[in-house]
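File shown here: upload_37.cif, holding mmCIF, C-alpha atoms.
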```
data_structure
loop_
_atom_site.label_atom_id
_atom_site.label_comp_id
_atom_site.auth_asym_id
_atom_site.auth_seq_id
_atom_site.Cartn_x
_atom_site.Cartn_y
_atom_site.Cartn_z
CA MET A 1 86.55 21.04 111.39
CA CYS A 2 83.37 19.01 110.94
CA CYS A 3 80.03 18.58 112.54
CA THR A 4 78.61 15.38 111.08
CA GLY A 5 79.81 12.01 109.91
CA ASP A 6 79.17 13.11 106.33
CA ASP A 7 81.38 16.18 106.84
CA LEU A 8 84.18 14.02 108.21
CA VAL A 9 83.92 11.54 105.34
CA ARG A 10 84.00 14.40 102.80
CA VAL A 11 87.12 15.95 104.37
CA LEU A 12 88.94 12.64 104.67
CA ALA A 13 88.01 11.64 101.11
CA THR A 14 89.26 15.00 99.85
CA LEU A 15 92.57 14.59 101.66
CA SER A 16 93.00 11.00 100.47
CA ASN A 17 94.54 12.26 97.21
CA PRO A 18 98.32 12.92 97.28
CA HIS A 19 98.01 15.90 94.90
CA ARG A 20 95.54 17.59 97.24
CA VAL A 21 97.78 16.96 100.25
CA ARG A 22 100.64 18.61 98.32
CA VAL A 23 98.41 21.58 97.45
CA VAL A 24 97.43 22.09 101.10
CA ALA A 25 101.08 21.76 102.13
CA ALA A 26 102.13 24.38 99.57
CA LEU A 27 99.37 26.76 100.63
CA ALA A 28 100.29 26.29 104.30
CA GLY A 29 103.27 28.52 103.50
CA GLY A 30 100.95 31.33 102.40
CA ARG A 31 98.38 32.21 99.80
CA ASN A 32 99.23 31.75 96.15
CA TYR A 33 97.72 32.10 92.69
CA VAL A 34 97.04 29.23 90.31
CA SER A 35 99.84 29.75 87.77
CA ARG A 36 102.59 30.08 90.35
CA LEU A 37 101.24 27.21 92.42
CA ALA A 38 101.08 24.96 89.34
CA ARG A 39 104.73 25.75 88.56
CA GLU A 40 105.80 25.12 92.16
CA LEU A 41 103.97 21.77 92.26
CA ASP A 42 104.97 20.86 88.70
CA ILE A 43 101.42 20.00 87.63
CA SER A 44 99.20 21.46 84.93
CA ARG A 45 96.94 24.36 85.77
CA ALA A 46 93.92 22.34 84.62
CA LEU A 47 94.73 19.48 87.00
CA LEU A 48 95.51 21.91 89.81
CA GLN A 49 92.17 23.67 89.34
CA VAL A 50 90.33 20.34 89.63
CA HIS A 51 92.02 19.68 92.96
CA LEU A 52 91.53 23.24 94.20
CA LYS A 53 87.79 23.02 93.46
CA LYS A 54 87.53 19.82 95.52
CA LEU A 55 89.52 21.34 98.38
CA GLU A 56 87.35 24.44 98.30
CA ALA A 57 84.12 22.39 98.25
CA ALA A 58 85.33 20.57 101.37
CA GLY A 59 86.05 23.90 103.08
CA LEU A 60 89.78 23.30 103.32
CA VAL A 61 90.83 26.21 101.10
CA SER A 62 89.20 29.45 100.01
CA SER A 63 89.73 31.67 96.98
CA ARG A 64 89.50 35.32 96.13
CA MET A 65 89.84 37.16 92.81
CA GLU A 66 92.19 40.13 92.85
CA LEU A 67 93.53 42.51 90.24
CA SER A 68 97.25 42.62 89.64
CA GLU A 69 99.07 45.92 89.19
CA ASP A 70 98.68 45.57 85.42
CA GLY A 71 94.91 45.00 85.73
CA LYS A 72 94.97 41.23 85.19
CA ALA A 73 92.46 39.21 87.24
CA MET A 74 94.20 36.61 89.40
CA LYS A 75 92.59 34.00 91.62
CA PHE A 76 94.40 33.53 94.92
CA TYR A 77 93.93 30.50 97.17
CA GLU A 78 94.70 30.08 100.83
CA VAL A 79 94.26 27.38 103.44
CA GLU A 80 91.36 27.66 105.84
CA PRO A 81 92.31 26.74 109.41
CA PHE A 82 91.37 23.14 110.19
CA SER A 83 92.37 20.34 112.49
CA VAL A 84 91.65 16.63 112.32
CA HIS A 85 91.95 14.70 115.56
CA LEU A 86 90.37 11.28 115.15
CA THR A 87 89.47 9.19 118.14
CA PRO A 88 87.29 6.11 118.46
CA GLU A 89 84.92 8.20 120.58
CA LEU A 90 84.58 10.86 117.87
CA LEU A 91 83.90 8.21 115.23
CA ALA A 92 81.29 6.58 117.49
CA ARG A 93 79.56 9.92 117.99
CA LEU A 94 79.60 10.83 114.29
CA ALA A 95 78.63 7.39 112.99
CA GLY A 96 75.01 8.04 113.86
CA THR A 97 74.96 11.11 111.61
CA LEU A 98 76.15 9.33 108.46
CA THR A 99 73.88 9.30 105.45
CA ILE A 100 73.79 5.88 103.85
CA GLU A 101 71.77 5.66 100.66
CA LYS A 102 69.57 2.62 100.02
CA GLY A 103 71.39 0.09 97.91
CA GLU A 104 74.82 1.23 99.15
CA LYS A 105 77.04 -1.54 100.32
CA GLY A 106 76.56 -2.03 104.04
CA SER A 107 73.25 -0.17 104.23
CA PRO A 108 70.53 -1.54 106.48
CA ARG A 109 67.72 -3.36 104.71
#
```
Could you write out this structure as structure tokens?
Amino acid sequence: MCCTGDDLVRVLATLSNPHRVRVVAALAGGRNYVSRLARELDISRALLQVHLKKLEAAGLVSSRMELSEDGKAMKFYEVEPFSVHLTPELLARLAGTLTIEKGEKGSPR
């Protein structure tokens, strides 16, 4: 699922939003296109696309454009396989790979 502390933080931050959890849950049942997914989740397509972009950037979903039978371009999304198993040992190992910018709260001086 992740290789560095920054990857883990990105994935966890992405999944910290209830809308994105619902999107992943809906896509766990199979790939879907934006309009149908928006109807199923009862959210606007614009809001759904914002969440899909964040999920895709974190590597949790992927997309592919396809042509429908009538020639209309449709963007399909599907879940990428992932697993999150957090342990204190994993966090200890990944903590050393975190990027902390100067001036961030908790950064070393």
I need the residue set behind the PyMOL selection byres ((chain A and resi 38-43) around 12) for this file; please write it as a list in words.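 For this structure, the PyMOL selection byres ((chain A and resi 38-43) around 12) resolves to Pro18, His19, Arg20, Val21, Arg22, Val23, Val24, Ala25, Ala26, Leu27, Asn32, Tyr33, Val34, Ser35, Arg36, Leu37, Ser44, Arg45, Ala46, Leu47, Leu48, Gln49, Val50, His51, Leu52 and Tyr77 of chain A.
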Report the distance between CA of Gly71 (chain A) and CA of Gly30 (chain A) in Å, rounded to one decimal place. 22.4 Å
Determine the axis-aligned bounding box of all atoms of region 19-35 of chain A present in the file, pad each side by 3 Å, and express its centre and edge lengths in Å to one decimal place as lines of an AutoDock Vina configuration file.
```
center_x = 99.4
center_y = 24.1
center_z = 96.0
size_x = 13.7
size_y = 22.3
size_z = 22.5
```
What would the selection look like, as number ranges by chain, if the PyMOL selection byres ((chain A and resi 4) around 9) were run on the coordinates I just shared? A: 2-3, 5-9, 93-98
Which value, in Å to one decimal, gives the distance between CA of Glu56 (chain A) and CA of Thr87 (chain A)?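 Atom-to-atom, CA of Glu56 (chain A) and CA of Thr87 (chain A) are spaced 25.1 Å apart.
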Counting all atoms listed in the file, which residue out of A:Ile100, A:Met65, A:Ala92, A:Ala28 sits closest to Glu78 (chain A)?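 Distance minimum relative to Glu78 (chain A) lands on A:Ala28.
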Please determine the residues with any atom at most 12 Å from (84.6, 32.4, 97.9) (coordinates as given in the file, with all atoms listed in the file counting) and report them as an NGL selection string. :A and (53 or 56-57 or 59-66 or 75-78 or 80)
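What the PyMOL selection byres ((chain A and resi 84) around 10) grabs from this file is Met1, Cys2, Leu8, Val11, Leu12, Phe82, Ser83, His85, Leu86 and Thr87 of chain A.
The gap separating CA of Met74 (chain A) from CA of Asn17 (chain A) is 25.6 Å, in Å to one decimal.
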Tell me which of A:Val79, A:Pro88, A:Glu101, A:Asp70 sits closest to Ala58 (chain A), counting only C-alpha atoms.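 The shortest atom-to-atom distance to Ala58 (chain A) comes from A:Val79.
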Missing atoms in region 47-71 of chain A: can you complete it with N, CA, C and O atoms, as a PDB file, in the frame of the given file?
```pdb
ATOM      1  N   LEU A  47      94.787  20.482  85.939  1.00  0.00           N
ATOM      2  CA  LEU A  47      94.730  19.480  87.000  1.00  0.00           C
ATOM      3  C   LEU A  47      94.699  20.152  88.367  1.00  0.00           C
ATOM      4  O   LEU A  47      93.925  19.761  89.252  1.00  0.00           O
ATOM      5  N   LEU A  48      95.495  21.186  88.548  1.00  0.00           N
ATOM      6  CA  LEU A  48      95.510  21.910  89.810  1.00  0.00           C
ATOM      7  C   LEU A  48      94.138  22.494  90.114  1.00  0.00           C
ATOM      8  O   LEU A  48      93.645  22.408  91.241  1.00  0.00           O
ATOM      9  N   GLN A  49      93.487  23.064  89.118  1.00  0.00           N
ATOM     10  CA  GLN A  49      92.170  23.670  89.340  1.00  0.00           C
ATOM     11  C   GLN A  49      91.133  22.629  89.752  1.00  0.00           C
ATOM     12  O   GLN A  49      90.260  22.910  90.574  1.00  0.00           O
ATOM     13  N   VAL A  50      91.238  21.427  89.211  1.00  0.00           N
ATOM     14  CA  VAL A  50      90.330  20.340  89.630  1.00  0.00           C
ATOM     15  C   VAL A  50      90.503  20.072  91.118  1.00  0.00           C
ATOM     16  O   VAL A  50      89.528  19.989  91.871  1.00  0.00           O
ATOM     17  N   HIS A  51      91.754  19.967  91.549  1.00  0.00           N
ATOM     18  CA  HIS A  51      92.020  19.680  92.960  1.00  0.00           C
ATOM     19  C   HIS A  51      91.645  20.855  93.858  1.00  0.00           C
ATOM     20  O   HIS A  51      91.118  20.663  94.954  1.00  0.00           O
ATOM     21  N   LEU A  52      91.899  22.067  93.406  1.00  0.00           N
ATOM     22  CA  LEU A  52      91.530  23.240  94.200  1.00  0.00           C
ATOM     23  C   LEU A  52      90.019  23.335  94.388  1.00  0.00           C
ATOM     24  O   LEU A  52      89.546  23.682  95.470  1.00  0.00           O
ATOM     25  N   LYS A  53      89.257  23.002  93.349  1.00  0.00           N
ATOM     26  CA  LYS A  53      87.790  23.020  93.460  1.00  0.00           C
ATOM     27  C   LYS A  53      87.320  22.029  94.518  1.00  0.00           C
ATOM     28  O   LYS A  53      86.417  22.312  95.305  1.00  0.00           O
ATOM     29  N   LYS A  54      87.922  20.837  94.538  1.00  0.00           N
ATOM     30  CA  LYS A  54      87.530  19.820  95.520  1.00  0.00           C
ATOM     31  C   LYS A  54      87.915  20.255  96.935  1.00  0.00           C
ATOM     32  O   LYS A  54      87.152  20.066  97.881  1.00  0.00           O
ATOM     33  N   LEU A  55      89.099  20.843  97.072  1.00  0.00           N
ATOM     34  CA  LEU A  55      89.520  21.340  98.380  1.00  0.00           C
ATOM     35  C   LEU A  55      88.624  22.467  98.858  1.00  0.00           C
ATOM     36  O   LEU A  55      88.269  22.548 100.042  1.00  0.00           O
ATOM     37  N   GLU A  56      88.228  23.328  97.935  1.00  0.00           N
ATOM     38  CA  GLU A  56      87.350  24.440  98.300  1.00  0.00           C
ATOM     39  C   GLU A  56      85.956  23.934  98.679  1.00  0.00           C
ATOM     40  O   GLU A  56      85.360  24.398  99.645  1.00  0.00           O
ATOM     41  N   ALA A  57      85.446  22.951  97.946  1.00  0.00           N
ATOM     42  CA  ALA A  57      84.120  22.390  98.250  1.00  0.00           C
ATOM     43  C   ALA A  57      84.101  21.739  99.632  1.00  0.00           C
ATOM     44  O   ALA A  57      83.072  21.758 100.315  1.00  0.00           O
ATOM     45  N   ALA A  58      85.241  21.200 100.055  1.00  0.00           N
ATOM     46  CA  ALA A  58      85.330  20.570 101.370  1.00  0.00           C
ATOM     47  C   ALA A  58      85.605  21.594 102.476  1.00  0.00           C
ATOM     48  O   ALA A  58      85.658  21.244 103.651  1.00  0.00           O
ATOM     49  N   GLY A  59      85.797  22.854 102.099  1.00  0.00           N
ATOM     50  CA  GLY A  59      86.050  23.900 103.080  1.00  0.00           C
ATOM     51  C   GLY A  59      87.472  23.974 103.583  1.00  0.00           C
ATOM     52  O   GLY A  59      87.745  24.622 104.588  1.00  0.00           O
ATOM     53  N   LEU A  60      88.390  23.319 102.875  1.00  0.00           N
ATOM     54  CA  LEU A  60      89.780  23.300 103.320  1.00  0.00           C
ATOM     55  C   LEU A  60      90.602  24.464 102.779  1.00  0.00           C
ATOM     56  O   LEU A  60      91.621  24.826 103.367  1.00  0.00           O
ATOM     57  N   VAL A  61      90.184  25.021 101.647  1.00  0.00           N
ATOM     58  CA  VAL A  61      90.830  26.210 101.100  1.00  0.00           C
ATOM     59  C   VAL A  61      89.736  27.188 100.669  1.00  0.00           C
ATOM     60  O   VAL A  61      88.581  26.805 100.469  1.00  0.00           O
ATOM     61  N   SER A  62      90.131  28.441 100.524  1.00  0.00           N
ATOM     62  CA  SER A  62      89.200  29.450 100.010  1.00  0.00           C
ATOM     63  C   SER A  62      89.923  30.229  98.915  1.00  0.00           C
ATOM     64  O   SER A  62      91.152  30.194  98.814  1.00  0.00           O
ATOM     65  N   SER A  63      89.148  30.918  98.085  1.00  0.00           N
ATOM     66  CA  SER A  63      89.730  31.670  96.980  1.00  0.00           C
ATOM     67  C   SER A  63      89.170  33.076  96.938  1.00  0.00           C
ATOM     68  O   SER A  63      88.082  33.339  97.463  1.00  0.00           O
ATOM     69  N   ARG A  64      89.943  33.937  96.297  1.00  0.00           N
ATOM     70  CA  ARG A  64      89.500  35.320  96.130  1.00  0.00           C
ATOM     71  C   ARG A  64      90.148  35.859  94.850  1.00  0.00           C
ATOM     72  O   ARG A  64      91.347  35.696  94.628  1.00  0.00           O
ATOM     73  N   MET A  65      89.333  36.507  94.025  1.00  0.00           N
ATOM     74  CA  MET A  65      89.840  37.160  92.810  1.00  0.00           C
ATOM     75  C   MET A  65      90.406  38.515  93.186  1.00  0.00           C
ATOM     76  O   MET A  65      89.798  39.247  93.973  1.00  0.00           O
ATOM     77  N   GLU A  66      91.563  38.840  92.625  1.00  0.00           N
ATOM     78  CA  GLU A  66      92.190  40.130  92.850  1.00  0.00           C
ATOM     79  C   GLU A  66      92.763  40.624  91.526  1.00  0.00           C
ATOM     80  O   GLU A  66      93.069  39.829  90.644  1.00  0.00           O
ATOM     81  N   LEU A  67      92.912  41.925  91.422  1.00  0.00           N
ATOM     82  CA  LEU A  67      93.530  42.510  90.240  1.00  0.00           C
ATOM     83  C   LEU A  67      95.004  42.747  90.496  1.00  0.00           C
ATOM     84  O   LEU A  67      95.378  43.285  91.544  1.00  0.00           O
ATOM     85  N   SER A  68      95.828  42.351  89.527  1.00  0.00           N
ATOM     86  CA  SER A  68      97.250  42.620  89.640  1.00  0.00           C
ATOM     87  C   SER A  68      97.498  44.090  89.305  1.00  0.00           C
ATOM     88  O   SER A  68      96.586  44.806  88.877  1.00  0.00           O
ATOM     89  N   GLU A  69      98.725  44.527  89.479  1.00  0.00           N
ATOM     90  CA  GLU A  69      99.070  45.920  89.190  1.00  0.00           C
ATOM     91  C   GLU A  69      98.804  46.290  87.731  1.00  0.00           C
ATOM     92  O   GLU A  69      98.482  47.428  87.427  1.00  0.00           O
ATOM     93  N   ASP A  70      98.920  45.299  86.836  1.00  0.00           N
ATOM     94  CA  ASP A  70      98.680  45.570  85.420  1.00  0.00           C
ATOM     95  C   ASP A  70      97.217  45.345  85.008  1.00  0.00           C
ATOM     96  O   ASP A  70      96.884  45.355  83.831  1.00  0.00           O
ATOM     97  N   GLY A  71      96.337  45.128  86.001  1.00  0.00           N
ATOM     98  CA  GLY A  71      94.910  45.000  85.730  1.00  0.00           C
ATOM     99  C   GLY A  71      94.442  43.594  85.399  1.00  0.00           C
ATOM    100  O   GLY A  71      93.281  43.391  85.065  1.00  0.00           O
TER     101      GLY A  71
END
```
